[in-house]
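Data block below; observations after.
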Amino acid sequence: MAWSTSQLAELAGTTLKTVRHYHEIGLLDEPERASNGYKRYGVEHLVRLLRIRRLVDLGLPLSDIPSAEAGDERAEQILLALDAELAASIERQQRMRRELAAILENRASIDLPAGFKTLVDDLPEAQRSLLLAYSSVLTPSAMSAIQEQLSAPRSDVAAQFEALPADAPEGVRRQLAQRLAPEARKQQNDHPFLRDLEASSRRGGAITQSVVVQALVEFYNEAQLDVLQRVHALLSEEDAAGP
């Protein structure tokens, strides 16, 4: 007994269009035709089609199937490369599942870069947004350093800065900047990348600077930005004065 093209496709769990495509690219030999002109497939065609479908289901490109079937060194290299690709894909999917689990556990963690879950309950919304923006330009090591820095207990002066209203008077801003400056200096000493963002960037210096500046302007109010400028000025004065 022989089968038609549609019957062969059904037996192999594929489509008529797929069988015809395999004929066109030379992966599946065309059978002899019956007296009425219709193709008549036998079990050898079914076995061949099932073998092709198995390799395709494993992720092998159609162009690599002839080489993979050769059984030589080239075939082994193709299969090893496919195995490595699948391993990387599994690792990526497992990481995605871990991140999804963190988001399901605490929806606020979606506002932080991956791996910053432990900080989710302690950081103000503005800082979460800043971290997301920074993750687009800073290296993983720089982001790890920031995570370590933020994992430490927040000082009273840092909490006051985060709660500073936009209409805070000049005297409050000045005093807050003076109290923040020593902390900023310590952070620079503990994490040298803060002095040179370009060296810790995955992008060019100009684009990194633009992301940092725009993020600060977007997520901090006028008074907070003024305090940051005052802190920068105080540290610059110290550097100019020398030891």
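Every chain in the structure tokens has a letter given in the order shown (A, B, ...), and although residue numbers restart at 1 in each chain, ligands are simply numbered from 1 in the order shown.
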
**OP:** Return as a ChimeraX atom specification the full set of residues in stretch 95-232 of chain A whose backbone-based DSSP assignment is helix (DSSP H, G or I).
**Re:** /A:95-105,107-111,117-119,125-134,140-151,156-162,170-190,192-195,197-200,205-219,222-232

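Of the listed residues (A:Ile103, A:Leu228, A:Leu132, A:Met1), A:Leu228 comes nearest to A:Leu180; the distances count only C-alpha atoms.
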
Subject >> A:Ser141 environment, 12 Å, only C-alpha atoms, sequence neighbours closer than 3 positions dropped, as number ranges by chain >> reply: A: 135, 137-138, 144-148, 191-193, 199-202

Subject >> Selection: 10 Å around stretch 61-67 of chain A, only C-alpha atoms, excl. self and same-chain fewer than 5 positions, as a PyMOL selection string >> reply: chain A and resi 22+25-27+51-53+55-56+72-79+82

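Separating atom CA of A:Pro165 from atom CA of A:Ala133 is a distance of 22.8 Å.
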
**OP:** Mind giving me the straight-line distance from atom CA of A:Leu130 to atom CA of A:Ala215 in Å, one decimal?
**Re:** 6.0 Å

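Our summary of the geometry notes that atom CA of A:Arg230 is positioned 12.4 Å from atom CA of A:Pro182.
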
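The closest residue to A:Leu49, picked from A:Glu10, A:Asp83, A:Glu32, A:Glu105 and counting only C-alpha atoms, is A:Glu10.
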
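The smallest atom-to-atom distance between A:Leu8 and any of A:Glu238, A:Gly37, A:Pro124, A:Leu50, using only C-alpha atoms, is found for A:Leu50.
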
**OP:** Please identify all polymer residues within 12 Å of A:Arg195, counting only C-alpha atoms, omitting same-chain residues fewer than 5 positions from it, and present them as a PyMOL selection string.
**Re:** chain A and resi 142+184-190+200+232+235-236+239

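Of the residues under consideration (A:Ala177, A:Val217, A:Ile207, A:Ala70), A:Ala177 shows the shortest atom-to-atom contact distance to A:Leu234 when counting only C-alpha atoms.
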
Original post:
Near A:Pro31, within 9 Å and counting only C-alpha atoms, which residues show up once chain neighbours fewer than 5 positions away are dropped, as number ranges by chain?
Top reply: A: 39-42, 45

**OP:** Give me the residues within 10 Å of A:Ala126 as number ranges by chain, counting only C-alpha atoms and dropping any in the same chain fewer than 6 places off.
**Re:** A: 111, 162, 215-216, 218-221

Kindly export the residues of the current selection with all heavy atoms, as a short mmCIF file (atom, residue, chain, number, x, y, z; two decimals), in the first residue's frame.
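File part09.cif, as written:
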```cif
data_model
loop_
_atom_site.label_atom_id
_atom_site.label_comp_id
_atom_site.auth_asym_id
_atom_site.auth_seq_id
_atom_site.Cartn_x
_atom_site.Cartn_y
_atom_site.Cartn_z
N ASP A 111 10.40 47.21 39.27
CA ASP A 111 10.97 48.55 39.13
C ASP A 111 12.48 48.56 39.35
O ASP A 111 13.08 49.64 39.35
CB ASP A 111 10.32 49.51 40.14
CG ASP A 111 8.83 49.68 39.89
OD1 ASP A 111 8.44 49.58 38.72
OD2 ASP A 111 8.09 49.90 40.85
N GLU A 162 16.11 62.07 50.65
CA GLU A 162 15.04 61.45 49.86
C GLU A 162 13.70 62.11 50.14
O GLU A 162 12.84 62.18 49.26
CB GLU A 162 14.96 59.95 50.16
CG GLU A 162 16.19 59.16 49.72
CD GLU A 162 16.42 59.20 48.22
OE1 GLU A 162 15.45 59.46 47.47
OE2 GLU A 162 17.57 58.96 47.79
N ALA A 215 18.43 61.21 34.06
CA ALA A 215 17.73 60.44 35.09
C ALA A 215 17.64 61.23 36.39
O ALA A 215 16.58 61.27 37.04
CB ALA A 215 18.45 59.12 35.33
N LEU A 216 18.73 61.90 36.76
CA LEU A 216 18.71 62.71 37.98
C LEU A 216 17.69 63.84 37.86
O LEU A 216 16.91 64.09 38.79
CB LEU A 216 20.10 63.28 38.25
CG LEU A 216 21.17 62.28 38.71
CD1 LEU A 216 22.54 62.95 38.76
CD2 LEU A 216 20.82 61.70 40.07
N GLU A 218 15.09 63.97 35.98
CA GLU A 218 13.72 63.44 35.87
C GLU A 218 13.18 62.98 37.22
O GLU A 218 12.00 63.20 37.54
CB GLU A 218 13.70 62.28 34.88
CG GLU A 218 12.35 61.60 34.73
CD GLU A 218 11.32 62.48 34.04
OE1 GLU A 218 11.71 63.41 33.31
OE2 GLU A 218 10.12 62.25 34.26
N PHE A 219 14.01 62.34 38.02
CA PHE A 219 13.50 61.65 39.21
C PHE A 219 13.78 62.36 40.53
O PHE A 219 13.33 61.90 41.58
CB PHE A 219 14.04 60.23 39.26
CG PHE A 219 13.66 59.41 38.06
CD1 PHE A 219 14.61 58.91 37.19
CD2 PHE A 219 12.31 59.17 37.77
CE1 PHE A 219 14.25 58.16 36.07
CE2 PHE A 219 11.94 58.43 36.66
CZ PHE A 219 12.91 57.93 35.80
N TYR A 220 14.55 63.46 40.51
CA TYR A 220 14.76 64.25 41.72
C TYR A 220 14.16 65.65 41.52
O TYR A 220 14.18 66.19 40.41
CB TYR A 220 16.25 64.36 42.05
CG TYR A 220 16.81 63.11 42.72
CD1 TYR A 220 18.12 62.71 42.47
CD2 TYR A 220 16.04 62.35 43.59
CE1 TYR A 220 18.64 61.56 43.08
CE2 TYR A 220 16.55 61.22 44.20
CZ TYR A 220 17.84 60.83 43.94
OH TYR A 220 18.34 59.71 44.54
N ASN A 221 13.67 66.21 42.62
CA ASN A 221 13.06 67.54 42.51
C ASN A 221 14.12 68.64 42.55
O ASN A 221 15.32 68.37 42.71
CB ASN A 221 11.99 67.73 43.58
CG ASN A 221 12.56 67.71 45.00
OD1 ASN A 221 13.64 68.24 45.25
ND2 ASN A 221 11.84 67.07 45.92
#
```
